[in-house]
$ cat model-v1.pdb   # PDB, C-alpha atoms
ATOM      1  CA  MET N1337       0.000   0.000   0.000
ATOM      2  CA  ALA N1338       1.281   3.450  -0.869
ATOM      3  CA  THR N1339       2.247   5.743   1.970
ATOM      4  CA  GLY N1340       2.646   9.472   2.387
ATOM      5  CA  ARG N1341       6.434   9.315   2.285
ATOM      6  CA  THR N1342       6.565   8.313  -1.372
ATOM      7  CA  HIS N1343       3.509  10.077  -2.813
ATOM      8  CA  ARG N1344       2.516  13.751  -2.620
ATOM      9  CA  PRO N1345      -0.698  15.450  -3.812
ATOM     10  CA  ALA N1346      -0.476  16.893  -7.298
ATOM     11  CA  THR N1347      -2.269  20.168  -6.540
ATOM     12  CA  ARG N1348       0.776  22.427  -6.350
ATOM     13  CA  SER N1349       2.474  21.028  -9.418
ATOM     14  CA  ARG N1350      -0.724  21.623 -11.395
ATOM     15  CA  GLY N1351      -0.942  25.230 -10.258
ATOM     16  CA  ILE N1352      -4.189  25.007  -8.294
ATOM     17  CA  PRO N1353      -4.511  28.116  -6.071
ATOM     18  CA  GLU N1354      -4.318  27.614  -2.310
ATOM     19  CA  ALA N1355      -7.789  29.167  -1.883
ATOM     20  CA  THR N1356      -9.199  26.529  -4.225
ATOM     21  CA  VAL N1357      -7.356  23.752  -2.387
ATOM     22  CA  ALA N1358      -8.899  24.992   0.880
ATOM     23  CA  ARG N1359     -12.394  24.646  -0.630
ATOM     24  CA  LEU N1360     -11.915  21.175  -2.131
ATOM     25  CA  PRO N1361     -12.607  19.405   1.203
ATOM     26  CA  LEU N1362     -15.894  21.356   1.462
ATOM     27  CA  TYR N1363     -16.949  20.134  -1.964
ATOM     28  CA  LEU N1364     -15.852  16.599  -1.132
ATOM     29  CA  ARG N1365     -17.896  16.546   2.077
ATOM     30  CA  ALA N1366     -21.013  17.737   0.246
ATOM     31  CA  LEU N1367     -20.451  15.287  -2.603
ATOM     32  CA  THR N1368     -19.894  12.383  -0.207
ATOM     33  CA  ALA N1369     -23.244  13.127   1.432
ATOM     34  CA  LEU N1370     -24.904  13.103  -2.009
ATOM     35  CA  SER N1371     -23.157   9.858  -2.908
ATOM     36  CA  GLU N1372     -24.385   8.208   0.290
ATOM     37  CA  ARG N1373     -27.939   9.136  -0.776
ATOM     38  CA  SER N1374     -27.286   7.637  -4.251
ATOM     39  CA  VAL N1375     -27.743  11.002  -5.980
ATOM     40  CA  PRO N1376     -26.215  10.561  -9.473
ATOM     41  CA  THR N1377     -25.760  14.176 -10.582
ATOM     42  CA  VAL N1378     -25.783  17.631  -9.025
ATOM     43  CA  SER N1379     -25.973  21.146 -10.458
ATOM     44  CA  SER N1380     -23.341  23.748  -9.660
ATOM     45  CA  GLU N1381     -25.956  25.807  -7.810
ATOM     46  CA  GLU N1382     -27.034  22.880  -5.616
ATOM     47  CA  LEU N1383     -23.479  21.817  -4.828
ATOM     48  CA  ALA N1384     -22.375  25.393  -4.160
ATOM     49  CA  ALA N1385     -25.244  25.872  -1.702
ATOM     50  CA  ALA N1386     -24.363  22.612   0.073
ATOM     51  CA  ALA N1387     -20.692  23.649   0.320
ATOM     52  CA  GLY N1388     -21.439  27.226   1.383
ATOM     53  CA  VAL N1389     -19.859  29.003  -1.615
ATOM     54  CA  ASN N1390     -21.269  30.780  -4.658
ATOM     55  CA  SER N1391     -21.762  28.815  -7.861
ATOM     56  CA  ALA N1392     -19.443  30.991  -9.980
ATOM     57  CA  LYS N1393     -16.563  30.324  -7.578
ATOM     58  CA  LEU N1394     -17.346  26.603  -7.608
ATOM     59  CA  ARG N1395     -17.283  26.444 -11.407
ATOM     60  CA  LYS N1396     -13.968  28.324 -11.429
ATOM     61  CA  ASP N1397     -12.509  25.923  -8.842
ATOM     62  CA  PHE N1398     -13.607  22.884 -10.827
ATOM     63  CA  SER N1399     -12.093  24.303 -14.009
ATOM     64  CA  TYR N1400      -8.670  23.857 -12.362
ATOM     65  CA  LEU N1401      -9.501  20.166 -12.088
ATOM     66  CA  GLY N1402     -10.523  20.021 -15.742
ATOM     67  CA  SER N1403     -14.127  19.321 -14.768
ATOM     68  CA  TYR N1404     -16.820  21.467 -16.377
ATOM     69  CA  GLY N1405     -19.984  19.431 -15.964
ATOM     70  CA  THR N1406     -22.659  18.958 -18.621
ATOM     71  CA  ARG N1407     -25.116  21.710 -19.491
ATOM     72  CA  GLY N1408     -28.604  20.765 -18.372
ATOM     73  CA  VAL N1409     -27.301  17.742 -16.436
ATOM     74  CA  GLY N1410     -24.689  19.040 -13.986
ATOM     75  CA  TYR N1411     -21.764  17.176 -12.482
ATOM     76  CA  ASP N1412     -21.409  13.431 -12.064
ATOM     77  CA  VAL N1413     -21.244  12.958  -8.281
ATOM     78  CA  GLU N1414     -19.167   9.769  -8.166
ATOM     79  CA  TYR N1415     -16.644  11.054 -10.683
ATOM     80  CA  LEU N1416     -16.212  14.316  -8.770
ATOM     81  CA  VAL N1417     -15.716  12.392  -5.509
ATOM     82  CA  TYR N1418     -12.933  10.420  -7.177
ATOM     83  CA  GLN N1419     -11.442  13.463  -8.907
ATOM     84  CA  ILE N1420     -11.277  15.627  -5.780
ATOM     85  CA  SER N1421     -10.070  12.705  -3.653
ATOM     86  CA  ARG N1422      -7.256  12.133  -6.137
ATOM     87  CA  GLU N1423      -6.246  15.802  -6.144
ATOM     88  CA  LEU N1424      -6.191  15.865  -2.346
ATOM     89  CA  GLY N1425      -4.139  12.681  -2.231
ATOM     90  CA  LEU N1426      -6.882  10.696  -0.525
ATOM     91  CA  THR N1427      -6.826   7.729  -2.885
ATOM     92  CA  GLN N1428      -3.807   6.414  -0.967
ATOM     93  CA  ASP N1429      -2.958   5.640   2.636
ATOM     94  CA  TRP N1430      -1.585   8.466   4.791
ATOM     95  CA  PRO N1431      -0.120   7.268   8.107
ATOM     96  CA  VAL N1432      -0.476   9.880  10.847
ATOM     97  CA  VAL N1433       1.009  10.167  14.325
ATOM     98  CA  ILE N1434      -0.716  12.030  17.148
ATOM     99  CA  VAL N1435       1.610  13.454  19.786
ATOM    100  CA  GLY N1436       0.058  14.405  23.118
ATOM    101  CA  ILE N1437      -2.636  12.006  24.314
ATOM    102  CA  GLY N1438      -4.473  14.178  26.815
ATOM    103  CA  ASN N1439      -8.184  14.854  26.529
ATOM    104  CA  LEU N1440      -7.867  16.430  23.084
ATOM    105  CA  GLY N1441      -5.391  13.899  21.736
ATOM    106  CA  ALA N1442      -7.576  11.027  22.951
ATOM    107  CA  ALA N1443     -10.618  12.610  21.325
ATOM    108  CA  LEU N1444      -8.725  12.875  18.035
ATOM    109  CA  ALA N1445      -7.609   9.259  18.310
ATOM    110  CA  ASN N1446     -11.230   8.207  18.765
ATOM    111  CA  TYR N1447     -12.432  10.222  15.777
ATOM    112  CA  GLY N1448     -13.899   7.761  13.314
ATOM    113  CA  GLY N1449     -13.553   9.957  10.246
ATOM    114  CA  PHE N1450      -9.830   9.473   9.656
ATOM    115  CA  ALA N1451      -9.977   6.038   8.053
ATOM    116  CA  SER N1452     -12.856   6.883   5.705
ATOM    117  CA  ARG N1453     -10.965   9.939   4.451
ATOM    118  CA  GLY N1454      -7.641   8.312   3.623
ATOM    119  CA  PHE N1455      -5.811   8.677   6.944
ATOM    120  CA  ARG N1456      -4.541   5.934   9.214
ATOM    121  CA  VAL N1457      -3.519   6.656  12.790
ATOM    122  CA  ALA N1458      -0.181   4.849  12.829
ATOM    123  CA  ALA N1459       0.792   5.720  16.396
ATOM    124  CA  LEU N1460      -0.184   7.622  19.517
ATOM    125  CA  ILE N1461       2.730   9.222  21.373
ATOM    126  CA  ASP N1462       2.933  10.848  24.804
ATOM    127  CA  ALA N1463       5.701  12.051  27.121
ATOM    128  CA  ASP N1464       4.096  10.610  30.260
ATOM    129  CA  PRO N1465       5.713   7.229  31.090
ATOM    130  CA  ALA N1466       2.514   6.224  32.882
ATOM    131  CA  MET N1467       0.648   6.409  29.567
ATOM    132  CA  ALA N1468       2.964   3.988  27.768
ATOM    133  CA  GLY N1469       1.186   0.812  26.745
ATOM    134  CA  LYS N1470      -2.298   2.066  27.611
ATOM    135  CA  PRO N1471      -4.724   1.547  24.745
ATOM    136  CA  VAL N1472      -6.600   4.550  23.377
ATOM    137  CA  ALA N1473      -9.065   3.865  20.579
ATOM    138  CA  GLY N1474      -7.547   0.376  20.420
ATOM    139  CA  ILE N1475      -4.004   1.696  19.862
ATOM    140  CA  PRO N1476      -1.351   1.390  22.592
ATOM    141  CA  VAL N1477       0.264   4.706  23.505
ATOM    142  CA  GLN N1478       4.014   4.860  22.951
ATOM    143  CA  HIS N1479       6.563   7.061  24.720
ATOM    144  CA  THR N1480       8.130  10.068  22.990
ATOM    145  CA  ASP N1481      11.550   8.393  23.247
ATOM    146  CA  GLU N1482      10.395   6.186  20.370
ATOM    147  CA  LEU N1483       9.137   9.065  18.170
ATOM    148  CA  GLU N1484      11.899   8.989  15.543
ATOM    149  CA  ALA N1485      11.776   5.204  15.171
ATOM    150  CA  ILE N1486       7.972   5.258  14.881
ATOM    151  CA  ILE N1487       8.105   7.842  12.097
ATOM    152  CA  ARG N1488      10.802   5.950  10.248
ATOM    153  CA  ASP N1489       9.188   2.527  10.573
ATOM    154  CA  ASN N1490       5.718   3.731   9.523
ATOM    155  CA  GLY N1491       6.784   6.118   6.763
ATOM    156  CA  VAL N1492       4.954   8.988   8.457
ATOM    157  CA  SER N1493       4.892  12.419   6.801
ATOM    158  CA  ILE N1494       1.934  13.947   8.704
ATOM    159  CA  GLY N1495       2.072  14.699  12.411
ATOM    160  CA  VAL N1496      -0.640  16.001  14.724
ATOM    161  CA  ILE N1497       0.462  18.002  17.776
ATOM    162  CA  ALA N1498      -1.987  18.063  20.682
ATOM    163  CA  THR N1499       0.471  18.857  23.461
ATOM    164  CA  PRO N1500       0.468  21.823  25.875
ATOM    165  CA  ALA N1501       1.848  25.028  24.324
ATOM    166  CA  GLY N1502       5.173  24.787  26.157
ATOM    167  CA  ALA N1503       6.072  21.435  24.613
ATOM    168  CA  ALA N1504       4.767  22.019  21.100
ATOM    169  CA  GLN N1505       7.857  23.597  19.489
ATOM    170  CA  GLN N1506      10.196  20.903  20.775
ATOM    171  CA  VAL N1507       7.850  18.197  19.509
ATOM    172  CA  CYS N1508       7.592  20.024  16.196
ATOM    173  CA  ASP N1509      11.382  20.198  15.848
ATOM    174  CA  ARG N1510      11.704  16.465  16.494
ATOM    175  CA  LEU N1511       8.945  15.641  14.010
ATOM    176  CA  VAL N1512      10.584  17.737  11.303
ATOM    177  CA  ALA N1513      14.032  16.328  12.005
ATOM    178  CA  ALA N1514      12.587  12.815  11.711
ATOM    179  CA  GLY N1515      11.156  13.569   8.267
ATOM    180  CA  VAL N1516       7.614  14.838   8.907
ATOM    181  CA  THR N1517       6.754  17.524   6.344
ATOM    182  CA  SER N1518       3.141  18.363   7.276
ATOM    183  CA  ILE N1519       1.898  19.252  10.756
ATOM    184  CA  LEU N1520      -1.582  19.841  12.134
ATOM    185  CA  ASN N1521      -1.123  21.932  15.274
ATOM    186  CA  PHE N1522      -3.766  22.003  18.026
ATOM    187  CA  ALA N1523      -1.413  23.535  20.610
ATOM    188  CA  PRO N1524      -2.208  27.183  21.433
ATOM    189  CA  THR N1525       1.075  28.524  20.077
ATOM    190  CA  VAL N1526       2.688  29.499  16.785
ATOM    191  CA  LEU N1527       5.229  26.986  15.493
ATOM    192  CA  THR N1528       8.429  27.866  13.651
ATOM    193  CA  VAL N1529       9.265  25.466  10.833
ATOM    194  CA  PRO N1530      11.775  25.426   7.959
ATOM    195  CA  ASP N1531      10.840  25.913   4.319
ATOM    196  CA  GLY N1532       9.148  22.881   2.842
ATOM    197  CA  VAL N1533       7.152  22.060   5.976
ATOM    198  CA  ASP N1534       3.440  22.877   5.965
ATOM    199  CA  VAL N1535       1.648  23.759   9.196
ATOM    200  CA  ARG N1536      -2.100  24.061   9.669
ATOM    201  CA  LYS N1537      -3.180  25.538  12.993
ATOM    202  CA  VAL N1538      -6.440  24.741  14.745
ATOM    203  CA  ASP N1539      -7.017  27.064  17.708
ATOM    204  CA  LEU N1540     -10.423  26.524  19.287
ATOM    205  CA  SER N1541     -10.085  29.533  21.601
ATOM    206  CA  ILE N1542      -9.463  31.860  18.655
ATOM    207  CA  GLU N1543     -12.511  30.503  16.837
ATOM    208  CA  LEU N1544     -14.616  31.045  19.959
ATOM    209  CA  GLN N1545     -13.282  34.593  20.307
ATOM    210  CA  ILE N1546     -14.268  35.325  16.712
ATOM    211  CA  LEU N1547     -17.760  34.010  17.423
ATOM    212  CA  ALA N1548     -17.899  36.176  20.578
ATOM    213  CA  PHE N1549     -17.059  39.219  18.445
ATOM    214  CA  HIS N1550     -19.946  38.459  16.094
ATOM    215  CA  GLU N1551     -22.312  37.859  19.011
ATOM    216  CA  GLN N1552     -21.307  41.184  20.557
ATOM    217  CA  ARG N1553     -21.818  42.976  17.237
ATOM    218  CA  LYS N1554     -25.247  41.399  16.776
ATOM    219  CA  ALA N1555     -26.216  42.401  20.314
ATOM    220  CA  GLY N1556     -25.085  45.972  19.603
ATOM    221  CA  GLU N1557     -27.079  46.077  16.374
ATOM    222  CA  GLU N1558     -30.167  44.776  18.161
ATOM    223  CA  ALA N1559     -29.767  47.385  20.926
ATOM    224  CA  ALA N1560     -29.363  50.139  18.329
ATOM    225  CA  ALA N1561     -32.469  48.913  16.511
ATOM    226  CA  GLU N1562     -34.439  48.984  19.755
ATOM    227  CA  VAL N1563     -33.291  52.567  20.448
ATOM    228  CA  THR N1564     -34.244  53.614  16.917
ATOM    229  CA  ALA N1565     -37.652  51.997  17.270
ATOM    230  CA  ALA N1566     -38.205  53.719  20.637
ATOM    231  CA  GLN N1567     -37.185  57.079  19.180
ATOM    232  CA  ALA N1568     -39.549  56.575  16.250
ATOM    233  CA  ALA N1569     -42.374  55.730  18.642
ATOM    234  CA  ASP N1570     -41.668  58.853  20.715
ATOM    235  CA  THR N1571     -41.606  60.992  17.577
ATOM    236  CA  SER N1572     -44.897  59.512  16.415
ATOM    237  CA  GLN N1573     -46.544  60.128  19.785
ATOM    238  CA  ALA N1574     -45.284  63.720  19.825
ATOM    239  CA  ALA N1575     -46.664  64.306  16.334
ATOM    240  CA  VAL N1576     -50.087  62.967  17.355
ATOM    241  CA  ALA N1577     -50.103  65.160  20.467
ATOM    242  CA  ALA N1578     -49.147  68.237  18.436
ATOM    243  CA  GLU N1579     -51.863  67.522  15.910
ATOM    244  CA  ARG N1580     -54.455  67.234  18.648
ATOM    245  CA  GLU N1581     -53.281  70.479  20.253
ATOM    246  CA  GLY N1582     -53.467  72.298  16.930
ATOM    247  CA  SER N1583     -57.002  71.046  16.319
ATOM    248  CA  ALA N1584     -58.106  72.291  19.739
ATOM    249  CA  THR N1585     -56.885  75.876  19.069
ATOM    250  CA  ASP N1586     -58.972  76.082  15.893
ATOM    251  CA  GLN N1587     -62.246  75.448  17.769
ATOM    252  CA  GLY N1588     -64.602  77.854  19.603
ATOM    253  CA  PRO N1589     -65.251  77.894  23.327
ATOM    254  CA  ASP N1590     -67.745  75.064  23.042
ATOM    255  CA  GLY N1591     -65.608  73.074  20.731
ATOM    256  CA  ASP N1592     -67.356  74.206  17.541
ATOM    257  CA  VAL N1593     -65.775  75.977  14.662
ATOM    258  CA  PRO N1594     -66.462  79.724  15.229
ATOM    259  CA  ALA N1595     -68.927  81.470  12.881
ATOM    260  CA  VAL N1596     -67.546  83.954  10.383
ATOM    261  CA  MET N1597     -67.942  87.483  11.729
ATOM    262  CA  PRO N1598     -69.523  90.042   9.354
ATOM    263  CA  ALA N1599     -67.268  92.747   7.990
TER     264      ALA N1599
END
$ encode --input "model-v1.pdb" --output "structure tokens"
Amino acid sequence: MATGRTHRPATRSRGIPEATVARLPLYLRALTALSERSVPTVSSEELAAAAGVNSAKLRKDFSYLGSYGTRGVGYDVEYLVYQISRELGLTQDWPVVIVGIGNLGAALANYGGFASRGFRVAALIDADPAMAGKPVAGIPVQHTDELEAIIRDNGVSIGVIATPAGAAQQVCDRLVAAGVTSILNFAPTVLTVPDGVDVRKVDLSIELQILAFHEQRKAGEEAAAEVTAAQAADTSQAAVAAEREGSATDQGPDGDVPAVMPA
């Protein structure tokens, strides 16, 4: 079986923009859901809506893959699943190591989506000697002393770091020195890597802070709308009161319109 050490995705060599590469997994997820429902074809508008992008951008992205669909029919779902999977390198086996088997690392190890998406958890590694040999998700945890040998023996090129921030850079350096060229970093810190090593950072606290910003903005907009509505109501009430007062001044002492006095 092919491994990540001898095969690399073809996206860069074919000149596919990074923004397009970042959207390919979104398309693949939507297409996989359609495939599981035995949907044979899908229009660009339907697929774009499912992936959360606009249809013009989707058609442009697919043009980089050489896929243009058929007018009046749309795109063949199964072929697109294969085509995008091939471009992302998911038609082969990618052994992955997870370093740091705390709560987050254990949760990642138990994630069932790796295998179905072309990734195989080759090893779980932790610095705590008490963790060595304990099974997590059916895989025995190994000590960090064995990291280099594990990477070499399993042909690993993708590492996942789920350690505390203070240990992340040292782990990263060891992974890179052992031959890992792609890292998914869950540690709340920025990693320094040499050219040729790709790092993707997942920071849950940052994502939550961004959501908090949007919630605060929405709350501010709602408060402003309420103030505007209250001001409009006050203005309307004042106008009604003024109109009533003006009508009263035009009437006689008994409330009737006064008769016209002769000249």
$ resolve_selection --input "model-v1.pdb" --expression "the PyMOL selection byres ((chain N and resi 1495) around 9)" --output "ChimeraX atom specification"
/N:1431-1435,1492-1494,1496-1497,1508,1511,1516-1521
$ closest_residue --input "model-v1.pdb" --among "N:Leu1401, N:Val1417, N:Ala1560, N:Val1472" --to "Leu1364 of chain N" --atoms "only C-alpha atoms"
N:Val1417
$ resolve_selection --input "model-v1.pdb" --expression "the PyMOL selection byres ((chain N and resi 1461-1463) around 9)" --output "PyMOL selection string"
chain N and resi 1433-1438+1459-1460+1464-1468+1476-1483+1499
$ atom_distance --input "model-v1.pdb" --atom1 "atom CA of Ala1366 of chain N" --atom2 "atom CA of Ala1386 of chain N"
5.9 Å
$ residues_around --input "model-v1.pdb" --residues "Ala1369 of chain N" --least-positions-apart "3" --cutoff "12 Å" --atoms "only C-alpha atoms" --output "PyMOL selection string"
chain N and resi 1362-1366+1372-1376+1378+1383+1386-1387+1413-1414+1417
$ write_last_selection --input "model-v1.pdb" --atoms "C-alpha atoms" --output "compact mmCIF listing (two decimals), in the coordinates of the input"
# COMPACT_ATOMS: atom_id res chain seq x y z
CA LEU N 1362 -15.89 21.36 1.46
CA TYR N 1363 -16.95 20.13 -1.96
CA LEU N 1364 -15.85 16.60 -1.13
CA ARG N 1365 -17.90 16.55 2.08
CA ALA N 1366 -21.01 17.74 0.25
CA GLU N 1372 -24.38 8.21 0.29
CA ARG N 1373 -27.94 9.14 -0.78
CA SER N 1374 -27.29 7.64 -4.25
CA VAL N 1375 -27.74 11.00 -5.98
CA PRO N 1376 -26.22 10.56 -9.47
CA VAL N 1378 -25.78 17.63 -9.02
CA LEU N 1383 -23.48 21.82 -4.83
CA ALA N 1386 -24.36 22.61 0.07
CA ALA N 1387 -20.69 23.65 0.32
CA VAL N 1413 -21.24 12.96 -8.28
CA GLU N 1414 -19.17 9.77 -8.17
CA VAL N 1417 -15.72 12.39 -5.51
$ atom_distance --input "model-v1.pdb" --atom1 "atom CA of Gly1515 of chain N" --atom2 "atom CA of Gln1419 of chain N"
28.4 Å
$ axis_aligned_box --input "model-v1.pdb" --around "segment 1405-1411 of chain N" --padding-each-side "3 Å" --output "AutoDock Vina command-line options"
--center_x -24.3 --center_y 19.4 --center_z -16.0 --size_x 14.6 --size_y 10.5 --size_z 13.0
$ closest_residue --input "model-v1.pdb" --among "N:Gln1506, N:Glu1382, N:Val1457, N:Arg1359" --to "Ala1445 of chain N" --atoms "only C-alpha atoms"
N:Val1457
$ closest_residue --input "model-v1.pdb" --among "N:Glu1558, N:Glu1579, N:Glu1484, N:Asp1570" --to "Asp1509 of chain N" --atoms "only C-alpha atoms"
N:Glu1484
$ closest_residue --input "model-v1.pdb" --among "N:Asn1439, N:Leu1416, N:Leu1424, N:Glu1557" --to "Phe1398 of chain N" --atoms "only C-alpha atoms"
N:Leu1416
$ atom_distance --input "model-v1.pdb" --atom1 "atom CA of Phe1522 of chain N" --atom2 "atom CA of Tyr1418 of chain N"
29.2 Å
$ resolve_selection --input "model-v1.pdb" --expression "the PyMOL selection byres ((chain N and resi 1353-1357) around 12)" --output "ChimeraX atom specification"
/N:1345-1352,1358-1364,1389,1393-1401,1420-1421,1423-1425
$ residues_near_point --input "model-v1.pdb" --point "(-24.2, 21.2, -10.1)" --cutoff "8 Å" --atoms "only C-alpha atoms" --output "PDB file with C-alpha atoms, in the frame of the given file"
ATOM      1  CA  THR N1377     -25.760  14.176 -10.582  1.00  0.00           C
ATOM      2  CA  VAL N1378     -25.783  17.631  -9.025  1.00  0.00           C
ATOM      3  CA  SER N1379     -25.973  21.146 -10.458  1.00  0.00           C
ATOM      4  CA  SER N1380     -23.341  23.748  -9.660  1.00  0.00           C
ATOM      5  CA  GLU N1381     -25.956  25.807  -7.810  1.00  0.00           C
ATOM      6  CA  GLU N1382     -27.034  22.880  -5.616  1.00  0.00           C
ATOM      7  CA  LEU N1383     -23.479  21.817  -4.828  1.00  0.00           C
ATOM      8  CA  ALA N1384     -22.375  25.393  -4.160  1.00  0.00           C
ATOM      9  CA  GLY N1405     -19.984  19.431 -15.964  1.00  0.00           C
ATOM     10  CA  VAL N1409     -27.301  17.742 -16.436  1.00  0.00           C
ATOM     11  CA  GLY N1410     -24.689  19.040 -13.986  1.00  0.00           C
ATOM     12  CA  TYR N1411     -21.764  17.176 -12.482  1.00  0.00           C
TER      13      TYR N1411
END
$ closest_residue --input "model-v1.pdb" --among "N:Asp1429, N:Asp1531, N:Ala1473, N:Gly1388" --to "Tyr1447 of chain N" --atoms "all atoms listed in the file"
N:Ala1473
